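I have placed the structure first, in the form of structure tokens, so that the comments after it can refer back to it.
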Amino acid sequence: MASSTHHPIAARLGDAVKDYGEGDTVVRALDHVSVEFRHGTFTAVMGPSGSGKSTLLHCIAGLDSLTAGEAAIGGTVLGELSDRRLTELRRERIGFVFQAFNLLPTMDARDNILLPLRLAGAHPDAAWMDQVVATLGIGDRLHHRPSELSGGQQQRVAVARALVTRPDVILADEPTGNLDSTSGRELLAFLQEAVRELDQTVVMVTHDPAAATFAQRCVFLADGRIASDLEGPTVDGVLETMRALGEGMTHAERSAPAGGGR
Amino acid sequence: MLRAALAGIRAHLLRFAATTFAVVIGVGFVAGTFVFTDTINRTFDELFEDAYAGVAVVVQPERQFAELSGGAASMPETVLDDLADIEGIEAMRGSVIGTATIIAPDGTAVLPQGPPTLGFSWDGNEEVGGFRMRAGESPARAGEVAVDSGSSSRHDISVGDEVTVVFPDDRGTFRVSGIVEFGRADNLGGATIAVFTLPTAQRYFGLEGQLNAIFVAARPGVDHPQLREAVAERLPDGVEAVLGAEAASDEAENIAEFFGIVQSVLLGFAFVAMFVGSFIIYNTFAIVVAQRIREFALLRAIGATRRQVGGAIMVEATAVGLIASALGIVAGLGLAIALRELIEAFGGQLPQTDLVLQQRTVAVAFALGVGVTVLAALVPAIRGTRVPPVAAMRVDATAAPSEQGSRVRLWLGAAAAAGAGILAWLGIRADSGLLGAQLVGAAAVAAILMFVLVGPVLVRVLVPAIGLLLARPWGVAGRAAVANAIRSPQRTVATASALMIGVAIVVLTVLMSGSIDRTVRAQLDDTLRADLAVGRFDGPPAGFSTAVARELAAVEGVDRVASIRFNQFRLPGDDSIRILDGIDPEAIQGLFDLPMVEGSERSLRPGRILLDRQVTERRGLAIGDGITLRFPAGDEVEFEVAGIYESGAGLENYIIHMQDYEQLYSEQLDGLVLASVASGMDVDEVAERAREVLLDYPVVEVRTQSELRDTFLEQIDQLLLLVLALLLLSVVIALLGIVNTLGLSVLERTREIGLLRAVGATRRQVAGSIGVESVLVAVYGSIIGVVLGLAAGWALVEALGSVGFVGAGIPRGVVLDIPAGVIVEVLVVGIVAGVLAALLPALRAARLDVLRAISRG
Ligand SMILES: Nc1ncnc2c1ncn2[C@@H]1O[C@H](COP(=O)(O)OP(=O)(O)O)[C@@H](O)[C@H]1O
Ligand SMILES: [Mg+2]
């Protein structure tokens, strides 16, 4: 997978610093982080709770602004963009999958998937839509409302929505956090397929070592710094890195029971 | 649990703002009305107590109620001599009273709108009679007058000025010797005062040798009731002696009576505002409960009983009701002050007294405010108790309230619809106007209920339809708006219902007044034949000097002249004020055609009466039957029914012969003078000449036939405007309800809106979506309101068309006049209002911090 270095950079943080609060109570959520995510790759971001994983995703997406350093999607540096441009960029070049509550309850699955396109006033590419829907196996669920879908199906619809605009990067924050292990594994397989078959880019936060093994690369965060950067992670490799990182891992281990099976 | 409830209010303070506002408006109206009328009553009580402070006994011709202009019966001056040697009398003052209009030095007449213009005699004794000098001297000579300080300051009249005073049958020029006040007030409850020496007043009022009243002051230590007895023994028949204190309260009551009408009108608006407001209160609690399902579930999970959860919600409702009622009382005090200012602005000066806040007012305010709030919160509270504890574990537990029981709602809705139909049908067939109006009113309430009950179904059909028209251009934001508007239909219905009621009442009012307008116009066309009319058109109908008719008759080109006089009377055993007209049936021929249905107006002779068909039908009277009327002096007179007519616009429902009128009332003022122009003469030229001749009578105006018609219609329109202004308040309350519901929905959908923004919705799209949702709700409410208002108006016109309803100013034969323009306006206003109502919530949603929104649990 090292061959991915020749791919263009899809998303990037350069010497990024993110502080929350002021004065004595300042919390440094990102501490001079530099990281690149190349096109067509699947990266997992791991680290103890509070290590800055969500912050990293938010800053890459322009949902939150950096205190110092820069964030870029493709060649576009986010810091200089107006709110409107940022919104458009999110709409067209970033896909989101959250841990829960990904879908609008008033719309059926299909409308939820097409939402970003409709917001932009763009027409869906029917062939791409079919491909995405087929890949995620939700073809027979398109006219169901979120309340009529299982958790796993809802997350797959969310992934489909993230894919539908062919974004530069899909950012997923613990997408399997609310799923049982079977549905979780299924979803991870779909994400993997999206990268392999559909040539998409995924950055996924997780604290489940098993989930991380679906990725081609695993970036470890600790106290807002990149602590380790593992290519082709395995469960053992991940666990070992976590152990080596000290304290934080005990927590991570406890909260990742699914990881033991692998 | 109490703590939980109070914490609940504190946490949701903003959410209760609209609820509080709705209660404050309703309670404010009620409290303000009571405070205002109590204050007025107290003011006049004090004023006359003060004026009669030195008066032990008042001697006056027996009288049961006042004449319209304030005119009073008289007794011979010699009564004074009969009383002269009674021991215990310190002083006596004979007095006359009548109509006297002051013309200021600049030539304008001093005319209050409504209250009369009064003239009194006075000897300058401040102890007996209520007047006090504020400047100058009391009148001592024939050519002197003292005027009230209200007129003085308003028309810049000062001591030494020359003024003209117009009496019913005379006029004169006087030097202003001084400025008087009445008690502590500038004038007599708005009435102007001109004070003369007794002989002067007697001469100008045509009361030589006569008195209207004698004020008796007692020596110190003399018992007043005993003195009254002694005085009464010496009095001739038809003259009575009453205690000064009693006379004071009688006079106060007479003046305060007028304000009773204001009270019932304002209470009516208070009721409408409160009714509309109750929907908002209901909705607020329903939404707050829905949003806190997880909280209630948690409480239940850790051991709270259903009762406790329900109790906590009811405690919140009670607290909100208490706070709002207290604020409402404060608002009521403000309203009372505003009403006083308003009356002063119209020339009715009221003495400044402290506002009267009676315990009764406070009790009613709190009972109403808390009662309505608690009642409206009841259903939401019950819903709150039904939250299962497991809901705490669900992530998406802010779900809309279940649409369970919608089948029951539909059945109830069908029942309400049937009820509305039956009531309307009965109302249309009722033969009494009052009963018909009441039945149609009940039908309207049933129809409101029906719309509320079937609303959730209606919303799901109508809102997408409206959306096809209005939401389309907004693309996905518009589609989201439609989806949001129908996602909890009950909420949309409650929000829209408040607007529906407001709009329905506005449409009904416009429709009725348009119909009345049209009918009155037609009736005037049928009945009014006179070329010219002379009267006072500056305010409510009021009398003027009979000299006007004489002068008019002498104008070149005027052919025939007829006067119409009016005054009040009562029916035996019934204290409501009724109006009676005196006409000369011969003179009025060709000037005013009474729409007779039976008999002829020519058969009206002394001792006979013409009645409106409504009166004869209600009382089961036929031609030749007798009817007894009660007059101010207390005499009851029986009249024989000579003819029956259809109530039109010009005359009221009891008409007697002018000769009887002159006998029954002490003061003779004309209410309207009609004239025809000799054939071949130009009406406008004659009118111009009449105007010149009547320049000496600035109280009256000359109108041609078409001008008179316009005057009548204008008066109807002005009344309509006032009513609409007050009704708009309930529409404003309804709009605040939309703001409130939307605001709460935005709060509720924080996460959703965050998600939308995260996946690329611009601020404008989010705000637009909320705006469209608001417009959808507003237009839905407006459409239903228009439908309801039109239906109610149609039923009312059908119900009253054949019988009329004089009490409400609705003539028989009223014809439906659908205000198409107004309907379009209402819908446009609905759209604009929807946009306005969405401003704040939309702004709030657009400003939402995306990150915070999506990371919130
Ligand atoms: N809005 C915020 N205000 C203040 N501190 C924050 C905020 N968001 C995150 N943090 C802090 O930043 C650090 C990183 O948080 P986060 O990125 O959410 O961690 P992770 O997702 O790895 O659990 C934590 O110490 C957290 O408390
Ligand atoms: Mg996180």
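Residues in the structure tokens are numbered from 1 in each chain, the chains being A, B, ... in the order shown, and ligands are numbered from 1 in the order shown.
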
Taking only stretch 491-648 of chain B into account, list the residues labelled alpha helix (DSSP H) by DSSP (computed from the backbone), as a PyMOL selection string.
chain B and resi 491-527+547-554+613-619

Spatial neighbours of stretch 236-238 of chain A, 10 Å, only C-alpha atoms, chain gap at least 4 places, as a PDB file with N, CA, C and O atoms, in the first residue's frame:
ATOM      1  N   MET A  46      -6.876   6.719  15.303  1.00  0.00           N
ATOM      2  CA  MET A  46      -7.152   6.128  16.615  1.00  0.00           C
ATOM      3  C   MET A  46      -6.503   6.962  17.695  1.00  0.00           C
ATOM      4  O   MET A  46      -5.714   7.846  17.444  1.00  0.00           O
ATOM      5  N   ASP A 208     -11.856   1.284  17.847  1.00  0.00           N
ATOM      6  CA  ASP A 208     -11.954  -0.173  17.806  1.00  0.00           C
ATOM      7  C   ASP A 208     -10.793  -0.704  16.954  1.00  0.00           C
ATOM      8  O   ASP A 208     -10.758  -0.474  15.749  1.00  0.00           O
ATOM      9  N   PRO A 209      -9.836  -1.399  17.570  1.00  0.00           N
ATOM     10  CA  PRO A 209      -8.668  -1.888  16.806  1.00  0.00           C
ATOM     11  C   PRO A 209      -9.094  -2.768  15.643  1.00  0.00           C
ATOM     12  O   PRO A 209      -8.483  -2.725  14.569  1.00  0.00           O
ATOM     13  N   ALA A 210     -10.178  -3.544  15.833  1.00  0.00           N
ATOM     14  CA  ALA A 210     -10.641  -4.407  14.746  1.00  0.00           C
ATOM     15  C   ALA A 210     -11.073  -3.579  13.565  1.00  0.00           C
ATOM     16  O   ALA A 210     -10.830  -3.912  12.397  1.00  0.00           O
ATOM     17  N   ALA A 212     -10.011  -0.671  12.786  1.00  0.00           N
ATOM     18  CA  ALA A 212      -8.841  -0.041  12.176  1.00  0.00           C
ATOM     19  C   ALA A 212      -8.191  -0.950  11.143  1.00  0.00           C
ATOM     20  O   ALA A 212      -7.601  -0.476  10.165  1.00  0.00           O
ATOM     21  N   THR A 213      -8.341  -2.253  11.314  1.00  0.00           N
ATOM     22  CA  THR A 213      -7.676  -3.173  10.393  1.00  0.00           C
ATOM     23  C   THR A 213      -8.299  -3.150   9.010  1.00  0.00           C
ATOM     24  O   THR A 213      -7.720  -3.649   8.062  1.00  0.00           O
ATOM     25  N   CYS A 218      -3.122   3.518   9.693  1.00  0.00           N
ATOM     26  CA  CYS A 218      -3.708   3.913  10.969  1.00  0.00           C
ATOM     27  C   CYS A 218      -2.853   4.983  11.624  1.00  0.00           C
ATOM     28  O   CYS A 218      -1.685   4.767  11.915  1.00  0.00           O
ATOM     29  N   VAL A 219      -3.447   6.151  11.819  1.00  0.00           N
ATOM     30  CA  VAL A 219      -2.745   7.265  12.469  1.00  0.00           C
ATOM     31  C   VAL A 219      -3.166   7.286  13.923  1.00  0.00           C
ATOM     32  O   VAL A 219      -4.355   7.218  14.234  1.00  0.00           O
ATOM     33  N   PHE A 220      -2.189   7.334  14.839  1.00  0.00           N
ATOM     34  CA  PHE A 220      -2.495   7.377  16.273  1.00  0.00           C
ATOM     35  C   PHE A 220      -2.320   8.786  16.812  1.00  0.00           C
ATOM     36  O   PHE A 220      -1.297   9.424  16.570  1.00  0.00           O
ATOM     37  N   LEU A 230       0.863   4.016  11.248  1.00  0.00           N
ATOM     38  CA  LEU A 230       1.074   2.612  10.924  1.00  0.00           C
ATOM     39  C   LEU A 230       0.511   2.316   9.536  1.00  0.00           C
ATOM     40  O   LEU A 230      -0.654   2.585   9.280  1.00  0.00           O
ATOM     41  N   GLU A 231       1.324   1.721   8.663  1.00  0.00           N
ATOM     42  CA  GLU A 231       0.803   1.298   7.357  1.00  0.00           C
ATOM     43  C   GLU A 231       0.317  -0.138   7.492  1.00  0.00           C
ATOM     44  O   GLU A 231       0.937  -0.949   8.187  1.00  0.00           O
ATOM     45  N   GLY A 232      -0.800  -0.461   6.870  1.00  0.00           N
ATOM     46  CA  GLY A 232      -1.360  -1.817   6.881  1.00  0.00           C
ATOM     47  C   GLY A 232      -1.542  -2.365   8.274  1.00  0.00           C
ATOM     48  O   GLY A 232      -0.930  -3.359   8.659  1.00  0.00           O
ATOM     49  N   MET A 242      -0.812   0.704  20.758  1.00  0.00           N
ATOM     50  CA  MET A 242      -1.567   1.328  21.834  1.00  0.00           C
ATOM     51  C   MET A 242      -0.894   1.088  23.165  1.00  0.00           C
ATOM     52  O   MET A 242      -0.817   1.992  24.006  1.00  0.00           O
ATOM     53  N   ARG A 243      -0.423  -0.143  23.351  1.00  0.00           N
ATOM     54  CA  ARG A 243       0.254  -0.456  24.598  1.00  0.00           C
ATOM     55  C   ARG A 243       1.485   0.420  24.738  1.00  0.00           C
ATOM     56  O   ARG A 243       1.737   1.002  25.775  1.00  0.00           O
ATOM     57  N   ALA A 244       2.196   0.526  23.631  1.00  0.00           N
ATOM     58  CA  ALA A 244       3.429   1.300  23.655  1.00  0.00           C
ATOM     59  C   ALA A 244       3.147   2.772  23.953  1.00  0.00           C
ATOM     60  O   ALA A 244       3.971   3.476  24.528  1.00  0.00           O
ATOM     61  N   GLY A 259     -12.671  -5.694  19.555  1.00  0.00           N
ATOM     62  CA  GLY A 259     -11.328  -5.918  19.011  1.00  0.00           C
ATOM     63  C   GLY A 259     -10.720  -7.239  19.426  1.00  0.00           C
ATOM     64  O   GLY A 259      -9.877  -7.783  18.722  1.00  0.00           O
ATOM     65  N   GLY A 260     -11.166  -7.793  20.559  1.00  0.00           N
ATOM     66  CA  GLY A 260     -10.539  -8.996  21.087  1.00  0.00           C
ATOM     67  C   GLY A 260     -10.660 -10.188  20.164  1.00  0.00           C
ATOM     68  O   GLY A 260      -9.809 -11.063  20.146  1.00  0.00           O
ATOM     69  N   ARG A 262     -10.325 -10.600  17.012  1.00  0.00           N
ATOM     70  CA  ARG A 262      -9.548 -10.710  15.794  1.00  0.00           C
ATOM     71  C   ARG A 262      -8.142 -11.171  16.029  1.00  0.00           C
ATOM     72  O   ARG A 262      -7.500 -10.759  16.957  1.00  0.00           O
TER      73      ARG A 262
END

Within 9 Å of chain B, which residues of chain A show up when using only C-alpha atoms, listed as a ChimeraX atom specification? /A:58,61,63-64,83-84,86-92,94-96,98,100-107,115-121,161-162

List every residue of chain A that has an atom at most 6 Å from any atom of ligand 1, and for each one report the closest atom pair and its distance in Å to one decimal, counting only C-alpha atoms and all ligand atoms, with rows sorted by chain and then by increasing residue number, as a Markdown table.
| residue | atom | partner | partner_atom_place_in_ligand_line | distance |
| --- | --- | --- | --- | --- |
| A:Tyr20 | CA | ligand 1 | 4 (C) | 4.5 |
| A:Gly21 | CA | ligand 1 | 4 (C) | 5.8 |
| A:Ala29 | CA | ligand 1 | 12 (O) | 4.2 |
| A:Ser49 | CA | ligand 1 | 23 (O) | 3.8 |
| A:Gly50 | CA | ligand 1 | 19 (O) | 3.4 |
| A:Ser51 | CA | ligand 1 | 22 (O) | 4.0 |
| A:Gly52 | CA | ligand 1 | 17 (O) | 3.2 |
| A:Lys53 | CA | ligand 1 | 22 (O) | 3.7 |
| A:Ser54 | CA | ligand 1 | 21 (O) | 3.7 |
| A:Thr55 | CA | ligand 1 | 17 (O) | 3.7 |

**Q.** Contacts of B:Val128 at 8 Å (only C-alpha atoms; same-chain gap of 3+ positions) as a PyMOL selection string
**A.** chain B and resi 51-55+93+125+215-217

query = What's the 9 Å shell around A:Pro8, counting only C-alpha atoms, without same-chain residues fewer than 4 positions away, as a ChimeraX atom specification?
reply = /A:4,37-40,74

- Message: Going by DSSP on the backbone, which residues of stretch 502-674 of chain B come out as strand (DSSP E)? List them as an NGL selection string.
- Response: :B and (532-535 or 558-571 or 574-583 or 596-599 or 608-612 or 626-630 or 636-645 or 654-657 or 672-674)

Pairwise distance, atom CA of B:Ala256 with atom CA of B:Leu211, equals 25.6 Å

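Near stretch 326-338 of chain B, within a cut-off of 8 Å and counting only C-alpha atoms, sit the residues Val23, Val24, Ile25, Gly26, Val27, Gly28, Phe29, Val30, Ala31, Gly32, Thr33, Val35, Phe36, Leu355, Val362, Ala365 and Phe366 of chain B, with same-chain residues fewer than 6 positions away left out.
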
**OP:** Figure out the distance between atom CA of A:Leu78 and atom CA of A:Val27, please, to one decimal in Å.
**Re:**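 Atom-to-atom, atom CA of A:Val27 to atom CA of A:Leu78, that is 22.5 Å.
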
- request: Name the residues in contact with A:Val157 at a cut-off of 12 Å, using only C-alpha atoms, excluding same-chain residues fewer than 2 positions from it; report them as a PyMOL selection string.
  value: chain A and resi 96-98+100-104+107-115+129+132-146+149-155+159-164+175+187+190-191

Selected residue of minimal separation from ligand 2 among A:Phe42, A:Ala158, A:Asp173, A:Pro124, counting only C-alpha atoms and all ligand atoms: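 For ligand 2, the nearest of the candidates is A:Asp173.
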
Item to check | Interatomic distance (Å, one decimal) between atom CA of B:Ser158 and atom CA of B:Gly98 | outcome: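 Result for atom CA of B:Ser158 versus atom CA of B:Gly98: 23.0 Å, one decimal.
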
(message) Residues within 9 Å of B:Gly183, please, as a ChimeraX atom specification. Count only C-alpha atoms; anything in the same chain fewer than 5 positions from it doesn't count.
(response) /B:46-52,130-132,188

Kindly export the residues of the current selection with all heavy atoms, as an mmCIF file, in the first residue's frame.
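The result, stored in again-v8.cif:
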data_model
loop_
_atom_site.group_PDB
_atom_site.id
_atom_site.type_symbol
_atom_site.label_atom_id
_atom_site.label_comp_id
_atom_site.auth_asym_id
_atom_site.auth_seq_id
_atom_site.Cartn_x
_atom_site.Cartn_y
_atom_site.Cartn_z
ATOM 1 N N GLU B 46 -66.874 60.419 43.571
ATOM 2 C CA GLU B 46 -66.173 61.439 44.356
ATOM 3 C C GLU B 46 -66.551 62.838 43.896
ATOM 4 O O GLU B 46 -66.746 63.752 44.693
ATOM 5 C CB GLU B 46 -64.655 61.250 44.243
ATOM 6 C CG GLU B 46 -64.153 60.095 45.095
ATOM 7 C CD GLU B 46 -62.655 59.868 44.935
ATOM 8 O OE1 GLU B 46 -62.041 60.586 44.117
ATOM 9 O OE2 GLU B 46 -62.128 58.976 45.615
ATOM 10 N N LEU B 47 -66.648 62.964 42.555
ATOM 11 C CA LEU B 47 -66.940 64.274 41.980
ATOM 12 C C LEU B 47 -68.273 64.809 42.513
ATOM 13 O O LEU B 47 -68.374 65.946 42.959
ATOM 14 C CB LEU B 47 -67.010 64.125 40.463
ATOM 15 C CG LEU B 47 -67.011 65.409 39.657
ATOM 16 C CD1 LEU B 47 -65.724 66.156 39.895
ATOM 17 C CD2 LEU B 47 -67.159 65.082 38.177
ATOM 18 N N PHE B 48 -69.285 63.941 42.488
ATOM 19 C CA PHE B 48 -70.603 64.422 42.898
ATOM 20 C C PHE B 48 -70.736 64.481 44.410
ATOM 21 O O PHE B 48 -71.448 65.323 44.943
ATOM 22 C CB PHE B 48 -71.704 63.560 42.266
ATOM 23 C CG PHE B 48 -71.889 63.876 40.814
ATOM 24 C CD1 PHE B 48 -71.309 63.081 39.840
ATOM 25 C CD2 PHE B 48 -72.596 64.998 40.426
ATOM 26 C CE1 PHE B 48 -71.457 63.394 38.501
ATOM 27 C CE2 PHE B 48 -72.745 65.319 39.099
ATOM 28 C CZ PHE B 48 -72.172 64.515 38.125
ATOM 29 N N GLU B 49 -70.037 63.565 45.104
ATOM 30 C CA GLU B 49 -70.010 63.671 46.568
ATOM 31 C C GLU B 49 -69.487 65.038 46.950
ATOM 32 O O GLU B 49 -70.020 65.727 47.805
ATOM 33 C CB GLU B 49 -69.079 62.595 47.149
ATOM 34 C CG GLU B 49 -69.813 61.394 47.704
ATOM 35 C CD GLU B 49 -68.825 60.277 48.014
ATOM 36 O OE1 GLU B 49 -67.734 60.580 48.566
ATOM 37 O OE2 GLU B 49 -69.134 59.119 47.673
ATOM 38 N N ASP B 50 -68.431 65.404 46.263
ATOM 39 C CA ASP B 50 -67.788 66.677 46.498
ATOM 40 C C ASP B 50 -68.756 67.813 46.180
ATOM 41 O O ASP B 50 -68.936 68.749 46.957
ATOM 42 C CB ASP B 50 -66.569 66.762 45.580
ATOM 43 C CG ASP B 50 -65.535 67.712 46.117
ATOM 44 O OD1 ASP B 50 -65.359 67.712 47.351
ATOM 45 O OD2 ASP B 50 -64.929 68.442 45.316
ATOM 46 N N ALA B 51 -69.413 67.699 45.014
ATOM 47 C CA ALA B 51 -70.299 68.760 44.565
ATOM 48 C C ALA B 51 -71.494 68.907 45.499
ATOM 49 O O ALA B 51 -71.998 70.004 45.714
ATOM 50 C CB ALA B 51 -70.772 68.469 43.151
ATOM 51 N N TYR B 52 -71.934 67.800 46.054
ATOM 52 C CA TYR B 52 -73.115 67.845 46.905
ATOM 53 C C TYR B 52 -72.752 67.894 48.384
ATOM 54 O O TYR B 52 -73.615 67.668 49.227
ATOM 55 C CB TYR B 52 -74.009 66.619 46.626
ATOM 56 C CG TYR B 52 -74.869 66.766 45.386
ATOM 57 C CD1 TYR B 52 -74.355 66.500 44.133
ATOM 58 C CD2 TYR B 52 -76.193 67.177 45.489
ATOM 59 C CE1 TYR B 52 -75.134 66.636 43.005
ATOM 60 C CE2 TYR B 52 -76.984 67.321 44.360
ATOM 61 C CZ TYR B 52 -76.447 67.044 43.120
ATOM 62 O OH TYR B 52 -77.223 67.182 42.006
ATOM 63 N N GLY B 130 -71.689 72.696 43.902
ATOM 64 C CA GLY B 130 -70.599 72.011 43.220
ATOM 65 C C GLY B 130 -69.659 72.867 42.407
ATOM 66 O O GLY B 130 -68.558 72.442 42.084
ATOM 67 N N PHE B 131 -70.075 74.092 42.040
ATOM 68 C CA PHE B 131 -69.149 74.888 41.233
ATOM 69 C C PHE B 131 -68.148 75.609 42.113
ATOM 70 O O PHE B 131 -68.440 75.986 43.237
ATOM 71 C CB PHE B 131 -69.920 75.921 40.401
ATOM 72 C CG PHE B 131 -70.887 75.282 39.450
ATOM 73 C CD1 PHE B 131 -72.253 75.472 39.589
ATOM 74 C CD2 PHE B 131 -70.422 74.477 38.425
ATOM 75 C CE1 PHE B 131 -73.147 74.870 38.725
ATOM 76 C CE2 PHE B 131 -71.315 73.872 37.552
ATOM 77 C CZ PHE B 131 -72.678 74.071 37.713
ATOM 78 N N ARG B 132 -66.947 75.797 41.559
ATOM 79 C CA ARG B 132 -65.930 76.603 42.227
ATOM 80 C C ARG B 132 -65.316 77.537 41.218
ATOM 81 O O ARG B 132 -65.153 77.162 40.056
ATOM 82 C CB ARG B 132 -64.824 75.702 42.784
ATOM 83 C CG ARG B 132 -65.186 75.110 44.097
ATOM 84 C CD ARG B 132 -64.015 74.384 44.710
ATOM 85 N NE ARG B 132 -64.561 73.394 45.625
ATOM 86 C CZ ARG B 132 -64.084 72.174 45.793
ATOM 87 N NH1 ARG B 132 -63.018 71.806 45.127
ATOM 88 N NH2 ARG B 132 -64.647 71.354 46.638
ATOM 89 N N LEU B 188 -67.784 68.686 33.572
ATOM 90 C CA LEU B 188 -68.661 67.676 34.152
ATOM 91 C C LEU B 188 -68.585 66.393 33.317
ATOM 92 O O LEU B 188 -69.449 66.147 32.494
ATOM 93 C CB LEU B 188 -70.087 68.235 34.166
ATOM 94 C CG LEU B 188 -70.937 67.920 35.395
ATOM 95 C CD1 LEU B 188 -72.191 68.764 35.388
ATOM 96 C CD2 LEU B 188 -71.265 66.459 35.504
#
